[in-house]
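Everything below belongs to work02.cif, which stores mmCIF, C-alpha atoms.
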```
data_target
#
loop_
_atom_site.label_atom_id
_atom_site.label_comp_id
_atom_site.auth_asym_id
_atom_site.auth_seq_id
_atom_site.Cartn_x
_atom_site.Cartn_y
_atom_site.Cartn_z
CA MET B 1 3.58 19.68 1.32
CA SER B 2 1.48 17.17 -0.55
CA VAL B 3 -1.50 15.11 0.58
CA GLY B 4 -1.72 11.35 0.83
CA ASN B 5 -4.29 8.98 2.25
CA ASP B 6 -4.88 5.32 2.93
CA ILE B 7 -7.94 3.42 4.05
CA VAL B 8 -7.92 -0.06 5.57
CA ASP B 9 -11.07 -2.19 5.68
CA LEU B 10 -10.68 -3.88 9.05
CA SER B 11 -12.76 -6.86 7.93
CA ALA B 12 -10.21 -7.64 5.19
CA THR B 13 -7.13 -7.90 7.39
CA ALA B 14 -7.32 -11.44 8.72
CA GLY B 15 -4.57 -13.98 8.30
CA ILE B 16 -1.46 -11.85 8.14
CA HIS B 17 1.95 -13.52 8.08
CA PRO B 18 3.54 -14.08 11.52
CA ARG B 19 6.44 -11.75 10.57
CA PHE B 20 4.19 -9.03 9.07
CA ILE B 21 4.44 -6.70 12.07
CA GLU B 22 8.21 -7.16 12.31
CA ARG B 23 8.55 -6.34 8.61
CA VAL B 24 6.34 -3.27 8.66
CA CYS B 25 6.84 -1.65 12.07
CA THR B 26 9.76 -0.18 13.97
CA ALA B 27 10.69 -1.67 17.35
CA GLU B 28 8.93 1.19 19.12
CA GLU B 29 5.79 0.75 17.04
CA ARG B 30 5.76 -2.98 17.83
CA LEU B 31 5.78 -2.15 21.55
CA ARG B 32 2.80 0.13 20.99
CA ILE B 33 0.87 -2.71 19.33
CA GLU B 34 1.73 -5.09 22.19
CA ALA B 35 0.60 -2.54 24.77
CA SER B 36 -2.59 -1.58 22.93
CA SER B 37 -6.06 -2.57 24.13
CA ASP B 38 -6.96 -2.94 20.44
CA PRO B 39 -3.81 -4.30 18.75
CA LYS B 40 -5.56 -4.92 15.43
CA ARG B 41 -6.69 -1.31 15.08
CA MET B 42 -3.29 -0.09 16.27
CA LEU B 43 -1.46 -2.17 13.64
CA TRP B 44 -3.67 -1.07 10.78
CA SER B 45 -3.61 2.55 11.89
CA LEU B 46 0.19 2.43 11.77
CA PHE B 47 0.10 0.73 8.37
CA ALA B 48 -2.37 3.24 6.92
CA ALA B 49 -0.32 6.15 8.25
CA LYS B 50 2.83 4.78 6.61
CA GLU B 51 1.06 4.20 3.29
CA ALA B 52 -0.46 7.69 3.32
CA ALA B 53 2.95 9.24 4.02
CA TYR B 54 4.46 7.09 1.27
CA LYS B 55 1.97 8.53 -1.24
CA ALA B 56 2.73 12.08 -0.14
CA ALA B 57 6.47 11.41 -0.28
CA VAL B 58 6.29 10.05 -3.83
CA LYS B 59 4.54 13.23 -4.98
CA LEU B 60 7.40 15.26 -3.54
CA GLY B 61 9.78 13.34 -5.78
CA LEU B 62 11.14 11.10 -3.04
CA GLU B 63 11.65 7.39 -3.69
CA PRO B 64 10.92 5.58 -0.43
CA GLY B 65 10.67 2.13 -2.01
CA PHE B 66 9.10 -0.90 -0.33
CA ALA B 67 10.27 0.06 3.13
CA HIS B 68 7.50 0.56 5.65
CA ARG B 69 9.90 0.62 8.61
CA ARG B 70 11.54 3.78 7.25
CA PHE B 71 8.27 5.61 7.96
CA GLU B 72 7.99 6.24 11.70
CA VAL B 73 4.58 7.14 13.09
CA SER B 74 4.61 9.43 16.13
CA PRO B 75 3.10 7.99 19.35
CA ASP B 76 0.20 10.45 19.24
CA PHE B 77 -0.46 9.79 15.54
CA ASP B 78 -0.02 13.42 14.55
CA SER B 79 2.99 12.99 12.26
CA VAL B 80 4.96 10.50 10.20
CA ARG B 81 8.71 10.89 9.88
CA PHE B 82 10.55 9.75 6.77
CA GLU B 83 14.28 10.45 6.95
CA ASP B 84 14.59 14.20 7.59
CA ARG B 85 10.97 15.03 6.68
CA SER B 86 7.95 15.12 8.93
CA PHE B 87 4.47 14.74 7.46
CA ALA B 88 1.41 16.05 9.33
CA LEU B 89 -0.97 13.17 10.04
CA ARG B 90 -4.63 12.91 10.94
CA MET B 91 -6.47 9.66 11.61
CA GLU B 92 -10.15 8.92 11.11
CA HIS B 93 -11.67 5.90 12.83
CA HIS B 94 -14.83 3.93 12.28
CA GLU B 95 -15.95 0.54 13.53
CA ASP B 96 -15.25 -0.92 10.07
CA TRP B 97 -12.20 1.04 8.90
CA VAL B 98 -9.25 3.29 9.68
CA HIS B 99 -8.30 6.17 7.38
CA ALA B 100 -4.99 8.01 7.49
CA ILE B 101 -4.64 11.48 6.01
CA VAL B 102 -1.25 13.09 5.51
CA GLY B 103 -0.98 16.80 4.71
CA GLU B 104 -3.56 19.56 4.98
CA ALA B 105 -6.54 18.08 3.15
CA THR B 106 -9.45 20.45 2.54
CA ILE B 107 -11.99 17.78 1.71
CA THR B 108 -12.11 14.08 2.46
CA GLY B 109 -14.63 11.39 1.66
CA ILE B 110 -15.20 7.72 2.36
CA GLU B 111 -17.87 5.46 0.93
CA GLU B 112 -18.48 1.88 -0.04
CA GLY B 113 -17.40 1.12 -3.58
CA SER B 114 -14.64 -0.12 -5.83
CA SER B 115 -13.23 3.14 -7.22
CA ALA B 116 -12.51 6.45 -5.50
CA ARG B 117 -12.29 8.39 -8.77
CA ASP B 118 -16.01 9.10 -9.24
CA PRO B 119 -16.62 10.12 -5.61
CA LEU B 120 -13.62 12.46 -5.84
CA MET B 121 -14.86 14.06 -9.07
CA ARG B 122 -18.31 14.57 -7.56
CA ALA B 123 -16.78 16.18 -4.46
CA LEU B 124 -14.59 18.52 -6.51
CA LYS B 125 -17.35 19.63 -8.88
CA PRO B 126 -18.75 22.49 -6.72
CA MET B 127 -15.26 24.07 -6.49
CA LEU B 128 -13.62 23.13 -9.78
CA GLY B 129 -16.42 22.07 -12.10
CA ASP B 130 -15.97 18.94 -14.16
CA VAL B 131 -12.42 17.72 -13.66
CA SER B 132 -10.41 14.90 -15.12
CA ILE B 133 -8.02 12.75 -13.11
CA THR B 134 -4.80 12.02 -14.94
CA ARG B 135 -1.78 9.90 -14.20
CA GLU B 136 1.48 10.51 -16.02
CA PRO B 137 3.69 7.60 -17.07
CA LYS B 138 6.27 6.78 -14.42
CA PRO B 139 8.50 3.82 -15.26
CA GLY B 140 9.38 1.74 -12.22
CA SER B 141 6.23 2.56 -10.29
CA TRP B 142 3.88 -0.27 -9.31
CA ASP B 143 1.78 0.08 -12.46
CA GLY B 144 3.97 2.27 -14.65
CA PHE B 145 2.12 5.47 -13.76
CA GLY B 146 2.61 8.21 -11.20
CA PRO B 147 0.10 9.44 -8.61
CA PRO B 148 -3.32 10.79 -9.68
CA ARG B 149 -3.39 14.47 -10.54
CA VAL B 150 -6.18 17.04 -10.93
CA MET B 151 -5.76 20.57 -12.26
CA GLY B 152 -6.26 22.98 -9.34
CA ALA B 153 -6.07 20.45 -6.52
CA ASP B 154 -3.68 18.05 -4.87
CA VAL B 155 -5.47 14.72 -4.52
CA SER B 156 -4.97 11.21 -3.19
CA LEU B 157 -7.10 8.09 -3.62
CA SER B 158 -7.32 4.84 -1.70
CA HIS B 159 -9.28 1.60 -1.93
CA ASP B 160 -9.32 -1.40 0.35
CA GLY B 161 -11.92 -4.12 0.64
CA ARG B 162 -15.39 -2.60 0.69
CA PHE B 163 -14.29 1.03 0.99
CA VAL B 164 -12.86 3.83 -1.10
CA ALA B 165 -11.50 7.11 0.23
CA PHE B 166 -10.23 10.36 -1.23
CA VAL B 167 -8.64 13.57 0.01
CA ALA B 168 -8.00 16.86 -1.76
CA ALA B 169 -6.24 20.13 -1.00
CA PHE B 170 -6.70 23.20 -3.14
CA SER B 171 -3.69 24.97 -4.54
CA MET X 1 15.40 -25.00 -9.69
CA GLU X 2 13.62 -24.65 -13.03
CA GLN X 3 11.90 -21.39 -13.97
CA LYS X 4 8.59 -23.19 -14.54
CA GLU X 5 8.74 -24.75 -11.07
CA VAL X 6 9.44 -21.38 -9.46
CA PHE X 7 6.70 -19.72 -11.53
CA ASP X 8 4.13 -22.31 -10.42
CA LYS X 9 5.13 -21.92 -6.77
CA VAL X 10 4.94 -18.12 -7.00
CA VAL X 11 1.46 -18.33 -8.52
CA GLY X 12 0.46 -20.67 -5.68
CA ILE X 13 1.76 -18.15 -3.14
CA LEU X 14 -0.11 -15.29 -4.82
CA LYS X 15 -3.40 -17.16 -5.19
CA PRO X 16 -4.87 -16.49 -1.70
CA PHE X 17 -4.17 -12.75 -2.06
CA VAL X 18 -5.46 -12.21 -5.60
CA LYS X 19 -8.66 -10.21 -6.03
CA ASN X 20 -8.88 -10.53 -9.80
CA ASN X 21 -9.28 -14.24 -10.45
CA GLU X 22 -9.84 -13.66 -14.19
CA ALA X 23 -6.28 -12.33 -14.45
CA LEU X 24 -5.05 -15.26 -12.38
CA ALA X 25 -6.52 -17.67 -14.93
CA THR X 26 -4.25 -16.22 -17.63
CA VAL X 27 -1.30 -15.37 -15.40
CA ALA X 28 2.05 -15.01 -17.16
CA MET X 29 5.55 -13.74 -16.40
CA GLU X 30 4.56 -10.19 -17.39
CA THR X 31 1.38 -10.12 -15.25
CA SER X 32 1.50 -7.21 -12.79
CA ILE X 33 0.99 -8.33 -9.21
CA LEU X 34 -0.66 -5.12 -8.07
CA LYS X 35 -2.27 -3.77 -11.22
CA ASP X 36 -3.51 -6.98 -12.89
CA LEU X 37 -3.94 -9.40 -10.00
CA LYS X 38 -5.10 -6.59 -7.67
CA VAL X 39 -3.01 -7.76 -4.73
CA ASN X 40 -3.06 -4.81 -2.31
CA SER X 41 0.00 -3.31 -0.69
CA ALA X 42 -0.60 -4.94 2.70
CA ARG X 43 -0.94 -8.34 1.09
CA LEU X 44 2.21 -7.72 -0.92
CA VAL X 45 4.07 -7.75 2.40
CA ASP X 46 2.57 -11.18 3.07
CA VAL X 47 3.59 -12.34 -0.43
CA VAL X 48 7.19 -11.26 0.15
CA LEU X 49 7.30 -13.08 3.49
CA GLU X 50 5.76 -16.23 1.97
CA ILE X 51 8.40 -16.15 -0.77
CA GLU X 52 11.10 -15.95 1.91
CA ASP X 53 9.63 -18.95 3.73
CA ASN X 54 8.96 -21.07 0.66
CA PHE X 55 12.31 -20.53 -1.04
CA GLY X 56 14.54 -20.09 2.02
CA ILE X 57 15.79 -16.70 0.87
CA GLU X 58 15.89 -13.19 2.29
CA VAL X 59 14.07 -10.56 0.27
CA LYS X 60 15.36 -7.16 1.35
CA ASP X 61 13.22 -4.05 1.04
CA GLU X 62 15.23 -2.86 -1.97
CA ASP X 63 14.72 -6.24 -3.69
CA ALA X 64 10.99 -6.26 -2.94
CA ASP X 65 10.73 -2.76 -4.38
CA LYS X 66 11.76 -4.08 -7.79
CA VAL X 67 9.10 -6.80 -7.88
CA LYS X 68 6.26 -5.47 -10.03
CA THR X 69 5.38 -8.57 -12.07
CA VAL X 70 5.21 -12.31 -11.48
CA GLY X 71 8.30 -12.58 -13.68
CA ASP X 72 10.18 -10.09 -11.48
CA ALA X 73 9.49 -12.35 -8.50
CA VAL X 74 10.56 -15.47 -10.40
CA LYS X 75 13.82 -13.85 -11.55
CA LEU X 76 14.58 -12.56 -8.05
CA ILE X 77 14.07 -16.04 -6.58
CA LEU X 78 16.20 -17.71 -9.25
CA ALA X 79 18.97 -15.19 -8.59
CA LYS X 80 18.92 -15.77 -4.84
CA ALA X 81 18.06 -19.45 -4.48
CA VAL X 82 21.00 -21.85 -4.52
#
```

Structure encoded using structure tokens:
Amino acid sequence: MSVGNDIVDLSATAGIHPRFIERVCTAEERLRIEASSDPKRMLWSLFAAKEAAYKAAVKLGLEPGFAHRRFEVSPDFDSVRFEDRSFALRMEHHEDWVHAIVGEATITGIEEGSSARDPLMRALKPMLGDVSITREPKPGSWDGFGPPRVMGADVSLSHDGRFVAFVAAFS
Amino acid sequence: MEQKEVFDKVVGILKPFVKNNEALATVAMETSILKDLKVNSARLVDVVLEIEDNFGIEVKDEDADKVKTVGDAVKLILAKAV
């Protein structure tokens, strides 16, 4: 199992398209948003969970594509299903953000900033020393490169608005 | 519809979601929407929906998945718009 994460800055989520929820969520998830006492947090928790699972799925060699509805978040937010796979999920909540973690992450971190790479390298240093984060070419991906990789750890990075977040699991 | 017209409309749609305005100033067909313009994945959903509304087309998930650059979006629209 691989790790994946996604952070959403709740202050940077205003003004979504009227069909956004329909496009991103399953019918059951839409009902959960409608029934929620905090629909905004519910929506972005679902979105973060799907994005985190997407990142983990890509590292397993799957090709989910731009298809958020294919990722189904369990009602108790403890797993995300994609086709015949189930990804373990953990959510972290703060007044300003939601953070979804997929897989068994050993360390996690969130801070204000514009890049999660340096905070991740600092966090890994006590266990792995000075590490480098590499990304192999991957034609067809959003920027032509695959997910970030570190020798000795499975890692995932996320950035949204004011916040950056990282997770790592040691192999 | 002319390619230039579609390009200009696509740039107009992207503008509210772009975080890197320097890249927007020199935007071209090969400009990456996520990497160069720094549109995040949530806002990319909004971009796809705005393209549907503005051009009267349906952009399926598998079509949206292929849109990496401004040019990809322009070509997709030209292929679908009648």

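With distances taken over all atoms listed in the file, B:Glu95 is the one residue among B:Arg69, B:Gly146, B:Glu95, B:Gly109 lying closest to Asp38 of chain B.
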
### Message
Quick check on the file I pasted: which residues fall under the PyMOL selection byres ((chain B and resi 162) around 12)? Write them as an MDAnalysis selection string.
### Response
chainID B and resid 7:13 96:97 110:116 158:161 163:165

Using only C-alpha atoms, select each residue of chain B with any atom at most 8 Å away from an atom of chain X, and give the selection as a short mmCIF file (atom, residue, chain, number, x, y, z; two decimals) with C-alpha atoms, keeping the file's coordinate frame.
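Wrote iface-v5.cif, looks like this:
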```
data_model
loop_
_atom_site.label_atom_id
_atom_site.label_comp_id
_atom_site.auth_asym_id
_atom_site.auth_seq_id
_atom_site.Cartn_x
_atom_site.Cartn_y
_atom_site.Cartn_z
CA ILE B 16 -1.46 -11.85 8.14
CA HIS B 17 1.95 -13.52 8.08
CA ARG B 19 6.44 -11.75 10.57
CA PHE B 20 4.19 -9.03 9.07
CA ARG B 23 8.55 -6.34 8.61
CA GLY B 65 10.67 2.13 -2.01
CA PHE B 66 9.10 -0.90 -0.33
CA ALA B 67 10.27 0.06 3.13
CA GLY B 140 9.38 1.74 -12.22
CA TRP B 142 3.88 -0.27 -9.31
CA ASP B 143 1.78 0.08 -12.46
CA ASP B 160 -9.32 -1.40 0.35
#
```

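Ranking B:Ser171, B:Ser141, B:Ser86, B:Thr26 by their shortest atom-to-atom distance to Met127 of chain B, with all atoms listed in the file included, puts B:Ser171 first.
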
Leu128 of chain B environment, 9 Å, all atoms listed in the file, sequence neighbours closer than 2 positions dropped, as a JSON list (two decimals) with C-alpha atoms, in the frame of the given file:
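Contents of around.json, as written:
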```
[["chain", "number", "residue", "atom", "x", "y", "z"],
["B", 124, "LEU", "CA", -14.59, 18.52, -6.51],
["B", 125, "LYS", "CA", -17.35, 19.63, -8.88],
["B", 126, "PRO", "CA", -18.75, 22.49, -6.72],
["B", 130, "ASP", "CA", -15.97, 18.94, -14.16],
["B", 131, "VAL", "CA", -12.42, 17.72, -13.66],
["B", 151, "MET", "CA", -5.76, 20.57, -12.26],
["B", 152, "GLY", "CA", -6.26, 22.98, -9.34],
["B", 153, "ALA", "CA", -6.07, 20.45, -6.52]]
```

### Task
Find the residues near Ala105 of chain B: any atom within 8 Å, counting all atoms listed in the file, skip ones fewer than 6 places away on the same chain, and give them as an MDAnalysis selection string.
chainID B and resid 3 167:169

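The residues returned by the PyMOL selection byres ((chain B and resi 58-62) around 8) on the shown structure are Met1, Ser2, Tyr54, Lys55, Ala56, Ala57, Glu63, Pro64 and Pro147 of chain B.
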
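Here the question is which of B:Pro39, B:Thr134, B:Leu120, B:Ala27 gets nearest to Pro148 of chain B using all atoms listed in the file, and that residue is B:Thr134.
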